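Printed here is upload23.cif (mmCIF, C-alpha atoms):
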```cif
data_start
loop_
_atom_site.label_atom_id
_atom_site.label_comp_id
_atom_site.auth_asym_id
_atom_site.auth_seq_id
_atom_site.Cartn_x
_atom_site.Cartn_y
_atom_site.Cartn_z
CA MET C 1 -18.35 -93.62 9.82
CA LEU C 2 -17.09 -90.06 9.82
CA ARG C 3 -17.11 -90.08 13.59
CA LEU C 4 -14.83 -93.09 13.95
CA CYS C 5 -12.60 -91.83 11.16
CA THR C 6 -12.17 -88.52 12.92
CA LEU C 7 -11.46 -90.24 16.22
CA LEU C 8 -8.86 -92.43 14.55
CA ALA C 9 -7.32 -89.48 12.75
CA VAL C 10 -6.89 -87.34 15.84
CA GLY C 11 -5.77 -90.27 17.90
CA GLY C 12 -8.23 -89.39 20.60
CA LEU C 13 -9.92 -92.75 20.85
CA LEU C 14 -10.15 -94.06 24.35
CA LEU C 15 -9.17 -97.69 24.21
CA ALA C 16 -9.79 -98.46 27.84
CA ALA C 17 -10.66 -102.02 28.78
CA LEU C 18 -13.78 -100.91 30.57
CA PRO C 19 -17.05 -102.80 30.87
CA CYS C 20 -19.65 -101.90 28.29
CA ARG C 21 -21.51 -98.80 29.46
CA ALA C 22 -24.22 -98.54 26.83
CA ASP C 23 -27.20 -96.31 27.55
CA ASP C 24 -30.59 -96.96 25.94
CA GLN C 25 -29.85 -94.86 22.86
CA ASP C 26 -26.54 -96.72 22.38
CA VAL C 27 -28.40 -100.03 22.44
CA ILE C 28 -30.84 -98.77 19.82
CA ASP C 29 -28.06 -97.27 17.69
CA TYR C 30 -26.01 -100.45 17.76
CA ARG C 31 -28.78 -102.75 16.59
CA THR C 32 -29.75 -100.14 13.98
CA HIS C 33 -26.22 -100.30 12.54
CA VAL C 34 -26.51 -104.07 12.26
CA MET C 35 -29.94 -104.01 10.59
CA LYS C 36 -28.94 -101.18 8.23
CA THR C 37 -25.89 -103.17 7.16
CA MET C 38 -28.16 -106.01 6.12
CA GLY C 39 -30.46 -103.53 4.40
CA GLU C 40 -27.66 -102.00 2.34
CA GLN C 41 -26.37 -105.41 1.25
CA LEU C 42 -29.87 -106.67 0.46
CA ASP C 43 -30.42 -103.58 -1.68
CA ALA C 44 -27.17 -104.34 -3.53
CA ILE C 45 -28.27 -107.96 -3.99
CA GLY C 46 -31.65 -106.78 -5.25
CA MET C 47 -29.95 -104.54 -7.83
CA ILE C 48 -27.90 -107.48 -9.12
CA LEU C 49 -31.01 -109.68 -9.33
CA GLU C 50 -32.65 -106.95 -11.40
CA ASN C 51 -29.57 -106.60 -13.64
CA LYS C 52 -29.01 -103.07 -12.37
CA ALA C 53 -25.56 -103.84 -10.96
CA PRO C 54 -22.81 -106.17 -12.18
CA PRO C 55 -22.93 -109.68 -10.70
CA ASP C 56 -19.23 -109.80 -9.78
CA ASN C 57 -19.75 -109.11 -6.07
CA PHE C 58 -22.83 -111.30 -5.67
CA ALA C 59 -21.19 -114.05 -3.63
CA THR C 60 -19.50 -111.53 -1.32
CA HIS C 61 -22.79 -109.69 -0.76
CA MET C 62 -24.32 -112.99 0.35
CA LYS C 63 -21.29 -113.54 2.59
CA VAL C 64 -21.65 -110.13 4.24
CA LEU C 65 -25.35 -110.76 4.74
CA ALA C 66 -24.61 -114.09 6.42
CA VAL C 67 -21.92 -112.73 8.74
CA THR C 68 -24.03 -109.71 9.67
CA ALA C 69 -26.99 -111.95 10.45
CA THR C 70 -24.89 -113.54 13.19
CA GLN C 71 -24.50 -110.10 14.81
CA ALA C 72 -28.20 -109.48 15.26
CA LYS C 73 -28.99 -111.61 18.32
CA LYS C 74 -26.40 -110.00 20.56
CA ALA C 75 -27.56 -106.59 19.31
CA PHE C 76 -31.20 -107.25 20.24
CA GLU C 77 -30.56 -109.00 23.55
CA PRO C 78 -30.82 -105.91 25.78
CA LYS C 79 -34.48 -105.20 26.36
CA VAL C 80 -34.69 -101.61 25.24
CA VAL C 81 -37.93 -100.78 23.46
CA GLY C 82 -37.48 -98.02 20.91
CA GLY C 83 -36.12 -97.27 17.49
CA ASN C 84 -38.01 -99.39 14.98
CA SER C 85 -38.49 -102.36 17.32
CA LYS C 86 -41.91 -103.27 18.66
CA PRO C 87 -42.16 -104.40 22.31
CA GLU C 88 -43.07 -107.83 20.91
CA VAL C 89 -39.36 -108.44 20.23
CA TRP C 90 -38.83 -109.00 23.94
CA ALA C 91 -42.36 -110.13 24.85
CA ASN C 92 -41.91 -112.99 22.35
CA TRP C 93 -38.14 -113.31 22.70
CA ALA C 94 -38.13 -117.09 22.18
CA ASP C 95 -39.82 -116.72 18.80
CA PHE C 96 -37.86 -113.63 17.75
CA SER C 97 -34.59 -115.18 18.76
CA LYS C 98 -35.43 -118.40 16.92
CA ARG C 99 -36.13 -116.36 13.79
CA LEU C 100 -32.74 -114.68 14.08
CA ASP C 101 -31.10 -118.09 14.40
CA GLU C 102 -32.93 -119.22 11.27
CA LEU C 103 -31.88 -116.06 9.46
CA ALA C 104 -28.24 -116.75 10.34
CA ALA C 105 -28.48 -120.40 9.30
CA ASN C 106 -30.34 -119.70 6.06
CA THR C 107 -28.09 -116.86 4.95
CA ALA C 108 -25.04 -119.00 5.73
CA GLU C 109 -26.41 -121.72 3.44
CA LEU C 110 -27.14 -119.18 0.72
CA ALA C 111 -23.64 -117.72 1.04
CA THR C 112 -22.06 -121.14 0.66
CA ALA C 113 -24.26 -121.96 -2.33
CA ALA C 114 -23.48 -118.59 -3.92
CA GLN C 115 -19.83 -119.58 -4.20
CA HIS C 116 -20.64 -122.06 -6.97
CA GLU C 117 -24.28 -121.53 -8.01
CA SER C 118 -25.59 -118.85 -10.36
CA VAL C 119 -27.11 -115.55 -9.35
CA THR C 120 -30.41 -116.75 -10.79
CA ALA C 121 -30.36 -119.95 -8.77
CA ILE C 122 -29.60 -118.15 -5.51
CA GLY C 123 -32.20 -115.49 -6.23
CA GLY C 124 -34.79 -118.24 -6.52
CA LYS C 125 -33.70 -119.82 -3.24
CA MET C 126 -33.81 -116.49 -1.39
CA ARG C 127 -37.56 -116.35 -1.79
CA SER C 128 -38.15 -119.33 0.47
CA ALA C 129 -35.05 -118.91 2.66
CA LEU C 130 -35.55 -115.31 3.79
CA LYS C 131 -38.58 -114.30 5.78
CA CYS C 132 -37.73 -110.61 6.17
CA LYS C 133 -41.23 -109.32 5.45
CA SER C 134 -42.97 -111.72 7.83
CA CYS C 135 -40.53 -110.87 10.63
CA HIS C 136 -40.70 -107.12 9.98
CA ASP C 137 -44.51 -107.21 9.91
CA THR C 138 -44.51 -108.82 13.33
CA TYR C 139 -41.60 -107.14 15.08
CA ARG C 140 -40.83 -103.85 13.38
CA MET C 141 -42.71 -100.57 13.73
CA PRO C 142 -44.30 -99.52 10.43
CA LEU C 143 -41.80 -97.32 8.57
CA LYS C 144 -42.90 -93.73 8.02
CA MET A 1 -34.27 -103.60 1.86
CA LEU A 2 -38.04 -103.30 1.92
CA ARG A 3 -38.02 -103.24 -1.86
CA LEU A 4 -36.23 -106.57 -2.25
CA CYS A 5 -38.27 -108.09 0.56
CA THR A 6 -41.48 -107.09 -1.17
CA LEU A 7 -40.23 -108.42 -4.49
CA LEU A 8 -39.30 -111.71 -2.85
CA ALA A 9 -42.61 -111.89 -1.03
CA VAL A 10 -44.78 -111.36 -4.07
CA GLY A 11 -42.59 -113.59 -6.18
CA GLY A 12 -42.41 -110.96 -8.86
CA LEU A 13 -38.64 -110.80 -9.17
CA LEU A 14 -37.40 -111.14 -12.71
CA LEU A 15 -34.51 -113.52 -12.60
CA ALA A 16 -33.57 -113.24 -16.22
CA ALA A 17 -29.98 -113.92 -17.22
CA LEU A 18 -29.70 -110.58 -18.95
CA PRO A 19 -26.62 -108.40 -19.24
CA CYS A 20 -26.33 -105.68 -16.63
CA ARG A 21 -28.36 -102.65 -17.73
CA ALA A 22 -27.44 -100.14 -15.07
CA ASP A 23 -28.22 -96.50 -15.72
CA ASP A 24 -26.19 -93.71 -14.09
CA GLN A 25 -28.38 -93.56 -10.98
CA ASP A 26 -28.09 -97.34 -10.56
CA VAL A 27 -24.31 -97.05 -10.66
CA ILE A 28 -24.40 -94.35 -8.00
CA ASP A 29 -26.91 -96.27 -5.87
CA TYR A 30 -24.89 -99.47 -6.01
CA ARG A 31 -21.61 -97.93 -4.87
CA THR A 32 -23.54 -96.00 -2.19
CA HIS A 33 -24.88 -99.28 -0.78
CA VAL A 34 -21.33 -100.61 -0.56
CA MET A 35 -19.93 -97.52 1.14
CA LYS A 36 -22.89 -97.26 3.54
CA THR A 37 -22.36 -100.89 4.54
CA MET A 38 -18.82 -100.04 5.56
CA GLY A 39 -20.09 -96.94 7.35
CA GLU A 40 -22.63 -98.88 9.40
CA GLN A 41 -20.07 -101.49 10.41
CA LEU A 42 -17.44 -98.85 11.21
CA ASP A 43 -19.98 -97.09 13.41
CA ALA A 44 -20.65 -100.38 15.21
CA ILE A 45 -16.90 -100.92 15.64
CA GLY A 46 -16.54 -97.37 16.95
CA MET A 47 -19.25 -98.02 19.54
CA ILE A 48 -17.43 -101.13 20.77
CA LEU A 49 -14.14 -99.23 20.97
CA GLU A 50 -15.90 -96.62 23.10
CA ASN A 51 -17.50 -99.30 25.29
CA LYS A 52 -20.95 -98.30 24.09
CA ALA A 53 -21.70 -101.75 22.64
CA PRO A 54 -20.73 -105.23 23.80
CA PRO A 55 -17.51 -106.59 22.26
CA ASP A 56 -18.98 -109.99 21.30
CA ASN A 57 -19.42 -109.16 17.60
CA PHE A 58 -16.15 -107.29 17.20
CA ALA A 59 -14.36 -109.91 15.09
CA THR A 60 -17.37 -110.34 12.81
CA HIS A 61 -17.66 -106.57 12.32
CA MET A 62 -14.05 -106.56 11.16
CA LYS A 63 -14.83 -109.50 8.87
CA VAL A 64 -17.81 -107.70 7.30
CA LEU A 65 -15.67 -104.60 6.82
CA ALA A 66 -12.98 -106.66 5.08
CA VAL A 67 -15.37 -108.49 2.76
CA THR A 68 -17.24 -105.29 1.90
CA ALA A 69 -13.96 -103.53 1.11
CA THR A 70 -13.43 -106.06 -1.68
CA GLN A 71 -16.73 -104.94 -3.25
CA ALA A 72 -15.74 -101.31 -3.64
CA LYS A 73 -13.51 -101.44 -6.72
CA LYS A 74 -16.09 -103.08 -8.95
CA ALA A 75 -18.68 -100.61 -7.65
CA PHE A 76 -16.55 -97.58 -8.54
CA GLU A 77 -15.27 -98.83 -11.90
CA PRO A 78 -17.99 -97.28 -14.07
CA LYS A 79 -17.09 -93.63 -14.60
CA VAL A 80 -20.26 -91.95 -13.42
CA VAL A 81 -19.62 -88.70 -11.58
CA GLY A 82 -22.29 -87.99 -9.00
CA GLY A 83 -23.52 -88.98 -5.58
CA ASN A 84 -20.76 -88.17 -3.10
CA SER A 85 -17.90 -88.94 -5.46
CA LYS A 86 -15.64 -86.21 -6.78
CA PRO A 87 -14.56 -86.41 -10.44
CA GLU A 88 -11.05 -87.03 -9.11
CA VAL A 89 -12.03 -90.67 -8.47
CA TRP A 90 -11.78 -91.33 -12.20
CA ALA A 91 -9.29 -88.58 -13.08
CA ASN A 92 -6.86 -90.23 -10.64
CA TRP A 93 -8.16 -93.78 -11.01
CA ALA A 94 -4.72 -95.39 -10.59
CA ASP A 95 -4.33 -93.75 -7.18
CA PHE A 96 -7.95 -94.25 -6.09
CA SER A 97 -7.92 -97.86 -7.17
CA LYS A 98 -4.62 -98.47 -5.37
CA ARG A 99 -6.15 -97.04 -2.20
CA LEU A 100 -9.11 -99.40 -2.49
CA ASP A 101 -6.70 -102.33 -2.89
CA GLU A 102 -4.87 -101.19 0.24
CA LEU A 103 -8.16 -100.85 2.10
CA ALA A 104 -9.08 -104.41 1.15
CA ALA A 105 -5.65 -105.75 2.14
CA ASN A 106 -5.47 -103.83 5.41
CA THR A 107 -9.00 -104.69 6.55
CA ALA A 108 -8.34 -108.34 5.69
CA GLU A 109 -5.27 -108.27 7.94
CA LEU A 110 -7.24 -106.60 10.74
CA ALA A 111 -10.05 -109.15 10.39
CA THR A 112 -7.60 -112.02 10.70
CA ALA A 113 -5.91 -110.42 13.69
CA ALA A 114 -9.28 -109.73 15.33
CA GLN A 115 -9.90 -113.47 15.57
CA HIS A 116 -7.28 -113.81 18.29
CA GLU A 117 -6.23 -110.30 19.38
CA SER A 118 -8.09 -108.03 21.78
CA VAL A 119 -10.45 -105.24 20.84
CA THR A 120 -7.97 -102.77 22.31
CA ALA A 121 -5.10 -104.14 20.22
CA ILE A 122 -7.10 -104.03 16.99
CA GLY A 123 -8.40 -100.55 17.78
CA GLY A 124 -4.82 -99.37 18.06
CA LYS A 125 -3.87 -100.95 14.73
CA MET A 126 -6.87 -99.43 12.94
CA ARG A 127 -5.45 -95.98 13.39
CA SER A 128 -2.51 -96.67 11.09
CA ALA A 129 -4.18 -99.27 8.87
CA LEU A 130 -7.25 -97.29 7.80
CA LYS A 131 -6.91 -94.07 5.87
CA CYS A 132 -10.62 -93.30 5.53
CA LYS A 133 -10.29 -89.59 6.31
CA SER A 134 -7.43 -88.98 3.90
CA CYS A 135 -9.24 -90.78 1.11
CA HIS A 136 -12.56 -89.06 1.83
CA ASP A 137 -10.87 -85.64 1.94
CA THR A 138 -9.46 -86.28 -1.52
CA TYR A 139 -12.22 -88.17 -3.27
CA ARG A 140 -15.52 -87.51 -1.51
CA MET A 141 -17.69 -84.42 -1.79
CA PRO A 142 -17.98 -82.59 1.53
CA LEU A 143 -21.00 -83.97 3.39
CA LYS A 144 -23.79 -81.47 3.95
#
```

Re-express the file's structure as structure tokens.
Amino acid sequence: MLRLCTLLAVGGLLLAALPCRADDQDVIDYRTHVMKTMGEQLDAIGMILENKAPPDNFATHMKVLAVTATQAKKAFEPKVVGGNSKPEVWANWADFSKRLDELAANTAELATAAQHESVTAIGGKMRSALKCKSCHDTYRMPLK
Amino acid sequence: MLRLCTLLAVGGLLLAALPCRADDQDVIDYRTHVMKTMGEQLDAIGMILENKAPPDNFATHMKVLAVTATQAKKAFEPKVVGGNSKPEVWANWADFSKRLDELAANTAELATAAQHESVTAIGGKMRSALKCKSCHDTYRMPLK
């Protein structure tokens, strides 16, 4: 964040309409930003479910989760092994990609429901709707 | 994220309708999750502006930024000095809170514009619409 803020502040940002020239580390960094966004919002949601944070933002956390889930497929499309991703992401792209589609669809449903249902009700639905652990076990390198 | 995923997976999440019982560290953790979400999405936006990531998700990154900005005020309301926040956040709450309102309003405008304007156009508007550096200089502890 600091980096973009500094660029904006000094007015030095190059806003050229050039084709994307991402190197491998850029590809890894970009998808990491997307996954970390979901992680931060899931942590916030978890705190609300455990009564460790006020419930006021619950519906917007679900909304952010749902919108961010739609970013993941484009972020993982380039076949660049590295970061926390196992090679299986691209070896089994049809399955991985289908799981991302399901994640986007399921979080969208949860976000809509969260606009009028209780935190408790949505928390209960998350258990069957989100398969993070199963997907991470298959496609993410074990965290150190 | 792992923590919530594990809780969901083992079905051990307590979904009691209890009042929020956040201790000081919870308060700090919660607002940190909100600010880090914005940081991750701003980094992704910065990569697109520098042509280091594809522009496909640009409008949704702006949307996530805007929705997350609305979460910040509730997260900072409890007066708990610590984390990266200077005591000035609460000593000058009227100013800090006004800045958060402006952040929410300005990111909402950018997100709407991003639905039909180019990445380049929105990048140019961000420079005047977002005051992250000024606010961080005043209210955030220097990062180590």

I'd like the superposed chain A, fitted onto chain C by least squares over all Cα atoms in order, as a compact mmCIF listing (two decimals) with C-alpha atoms, in the coordinates of the input.
```
# COMPACT_ATOMS: atom_id res chain seq x y z
CA MET A 1 -18.40 -93.54 9.90
CA LEU A 2 -17.09 -89.99 9.88
CA ARG A 3 -17.11 -90.04 13.66
CA LEU A 4 -14.84 -93.07 13.98
CA CYS A 5 -12.63 -91.82 11.17
CA THR A 6 -12.17 -88.51 12.95
CA LEU A 7 -11.45 -90.25 16.23
CA LEU A 8 -8.88 -92.45 14.53
CA ALA A 9 -7.34 -89.50 12.74
CA VAL A 10 -6.88 -87.35 15.81
CA GLY A 11 -5.75 -90.31 17.86
CA GLY A 12 -8.19 -89.41 20.58
CA LEU A 13 -9.91 -92.77 20.86
CA LEU A 14 -10.09 -94.09 24.38
CA LEU A 15 -9.15 -97.71 24.20
CA ALA A 16 -9.76 -98.50 27.82
CA ALA A 17 -10.64 -102.06 28.77
CA LEU A 18 -13.77 -100.94 30.55
CA PRO A 19 -17.04 -102.82 30.85
CA CYS A 20 -19.65 -101.90 28.28
CA ARG A 21 -21.54 -98.81 29.45
CA ALA A 22 -24.23 -98.55 26.82
CA ASP A 23 -27.20 -96.32 27.53
CA ASP A 24 -30.60 -96.96 25.93
CA GLN A 25 -29.85 -94.87 22.84
CA ASP A 26 -26.55 -96.71 22.36
CA VAL A 27 -28.40 -100.02 22.43
CA ILE A 28 -30.84 -98.76 19.81
CA ASP A 29 -28.06 -97.26 17.68
CA TYR A 30 -26.00 -100.44 17.75
CA ARG A 31 -28.79 -102.75 16.60
CA THR A 32 -29.76 -100.15 13.97
CA HIS A 33 -26.24 -100.29 12.52
CA VAL A 34 -26.52 -104.06 12.24
CA MET A 35 -29.93 -104.01 10.58
CA LYS A 36 -28.95 -101.18 8.21
CA THR A 37 -25.89 -103.17 7.15
CA MET A 38 -28.16 -106.01 6.11
CA GLY A 39 -30.46 -103.52 4.38
CA GLU A 40 -27.65 -102.00 2.33
CA GLN A 41 -26.37 -105.41 1.25
CA LEU A 42 -29.88 -106.67 0.47
CA ASP A 43 -30.43 -103.59 -1.68
CA ALA A 44 -27.18 -104.34 -3.53
CA ILE A 45 -28.27 -107.96 -4.00
CA GLY A 46 -31.66 -106.78 -5.26
CA MET A 47 -29.96 -104.55 -7.83
CA ILE A 48 -27.91 -107.49 -9.13
CA LEU A 49 -31.02 -109.67 -9.33
CA GLU A 50 -32.67 -106.95 -11.40
CA ASN A 51 -29.59 -106.59 -13.62
CA LYS A 52 -29.04 -103.06 -12.37
CA ALA A 53 -25.58 -103.85 -10.97
CA PRO A 54 -22.84 -106.17 -12.19
CA PRO A 55 -22.94 -109.69 -10.70
CA ASP A 56 -19.23 -109.80 -9.78
CA ASN A 57 -19.76 -109.11 -6.07
CA PHE A 58 -22.82 -111.29 -5.67
CA ALA A 59 -21.18 -114.05 -3.62
CA THR A 60 -19.50 -111.54 -1.32
CA HIS A 61 -22.79 -109.70 -0.76
CA MET A 62 -24.31 -112.99 0.36
CA LYS A 63 -21.29 -113.55 2.61
CA VAL A 64 -21.65 -110.11 4.24
CA LEU A 65 -25.36 -110.76 4.75
CA ALA A 66 -24.60 -114.09 6.43
CA VAL A 67 -21.91 -112.73 8.74
CA THR A 68 -24.02 -109.70 9.67
CA ALA A 69 -26.99 -111.95 10.46
CA THR A 70 -24.88 -113.54 13.20
CA GLN A 71 -24.50 -110.10 14.82
CA ALA A 72 -28.20 -109.48 15.26
CA LYS A 73 -28.99 -111.60 18.31
CA LYS A 74 -26.40 -109.98 20.54
CA ALA A 75 -27.56 -106.58 19.31
CA PHE A 76 -31.20 -107.25 20.23
CA GLU A 77 -30.57 -108.99 23.55
CA PRO A 78 -30.81 -105.90 25.77
CA LYS A 79 -34.49 -105.20 26.35
CA VAL A 80 -34.70 -101.60 25.23
CA VAL A 81 -37.93 -100.78 23.44
CA GLY A 82 -37.48 -98.02 20.89
CA GLY A 83 -36.10 -97.27 17.47
CA ASN A 84 -38.02 -99.40 14.98
CA SER A 85 -38.50 -102.35 17.30
CA LYS A 86 -41.91 -103.28 18.64
CA PRO A 87 -42.15 -104.40 22.28
CA GLU A 88 -43.07 -107.82 20.91
CA VAL A 89 -39.37 -108.45 20.22
CA TRP A 90 -38.83 -109.01 23.94
CA ALA A 91 -42.37 -110.13 24.84
CA ASN A 92 -41.92 -112.99 22.35
CA TRP A 93 -38.14 -113.31 22.68
CA ALA A 94 -38.13 -117.10 22.20
CA ASP A 95 -39.82 -116.71 18.81
CA PHE A 96 -37.86 -113.62 17.75
CA SER A 97 -34.58 -115.18 18.77
CA LYS A 98 -35.43 -118.40 16.93
CA ARG A 99 -36.12 -116.36 13.79
CA LEU A 100 -32.73 -114.67 14.08
CA ASP A 101 -31.08 -118.10 14.41
CA GLU A 102 -32.92 -119.23 11.28
CA LEU A 103 -31.87 -116.07 9.45
CA ALA A 104 -28.24 -116.75 10.36
CA ALA A 105 -28.47 -120.41 9.31
CA ASN A 106 -30.33 -119.71 6.07
CA THR A 107 -28.08 -116.85 4.95
CA ALA A 108 -25.03 -119.00 5.75
CA GLU A 109 -26.41 -121.72 3.47
CA LEU A 110 -27.13 -119.19 0.71
CA ALA A 111 -23.63 -117.72 1.05
CA THR A 112 -22.06 -121.14 0.67
CA ALA A 113 -24.25 -121.95 -2.31
CA ALA A 114 -23.48 -118.58 -3.90
CA GLN A 115 -19.82 -119.59 -4.20
CA HIS A 116 -20.65 -122.06 -6.95
CA GLU A 117 -24.28 -121.53 -7.99
CA SER A 118 -25.59 -118.85 -10.34
CA VAL A 119 -27.12 -115.55 -9.33
CA THR A 120 -30.42 -116.74 -10.78
CA ALA A 121 -30.36 -119.95 -8.74
CA ILE A 122 -29.58 -118.14 -5.49
CA GLY A 123 -32.20 -115.49 -6.22
CA GLY A 124 -34.78 -118.24 -6.51
CA LYS A 125 -33.71 -119.81 -3.22
CA MET A 126 -33.81 -116.48 -1.37
CA ARG A 127 -37.54 -116.31 -1.78
CA SER A 128 -38.13 -119.31 0.48
CA ALA A 129 -35.04 -118.92 2.67
CA LEU A 130 -35.54 -115.32 3.80
CA LYS A 131 -38.58 -114.30 5.78
CA CYS A 132 -37.72 -110.62 6.17
CA LYS A 133 -41.23 -109.35 5.45
CA SER A 134 -42.96 -111.72 7.84
CA CYS A 135 -40.54 -110.88 10.62
CA HIS A 136 -40.71 -107.13 9.96
CA ASP A 137 -44.53 -107.23 9.88
CA THR A 138 -44.50 -108.83 13.32
CA TYR A 139 -41.61 -107.15 15.07
CA ARG A 140 -40.84 -103.85 13.35
CA MET A 141 -42.73 -100.59 13.70
CA PRO A 142 -44.30 -99.50 10.41
CA LEU A 143 -41.80 -97.31 8.56
CA LYS A 144 -42.90 -93.72 8.07
```

Given the file shown, determine the residues that the PyMOL selection byres ((chain A) within 6 of (chain C)) selects; report them as an MDAnalysis selection string.
chainID A and resid 1 4:5 8 15 20:22 30 33 37 39:40 42:44 46 51:54 57 64 71 120 127 133

Just how far from atom CA of C:Met141 is atom CA of C:Glu102, in Å to one decimal?
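Computed distance, atom CA of C:Glu102 to atom CA of C:Met141, equals 21.2 Å.
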
May I ask which of the residues C:Ile28, C:Met62, C:Thr138, C:Ala129 is the closest one to C:Val89, counting all atoms listed in the file?
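Comparing C:Ile28, C:Met62, C:Thr138, C:Ala129 against C:Val89, the winner is C:Thr138.
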
Just the number, please: distance in Å from atom CA of C:Pro87 to atom CA of C:Arg140, one decimal.
9.0 Å

Distance atom CA of C:Phe96-atom CA of C:Val81, one decimal place?
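Answer for the atom CA of C:Phe96 to atom CA of C:Val81 separation: 14.1 Å.
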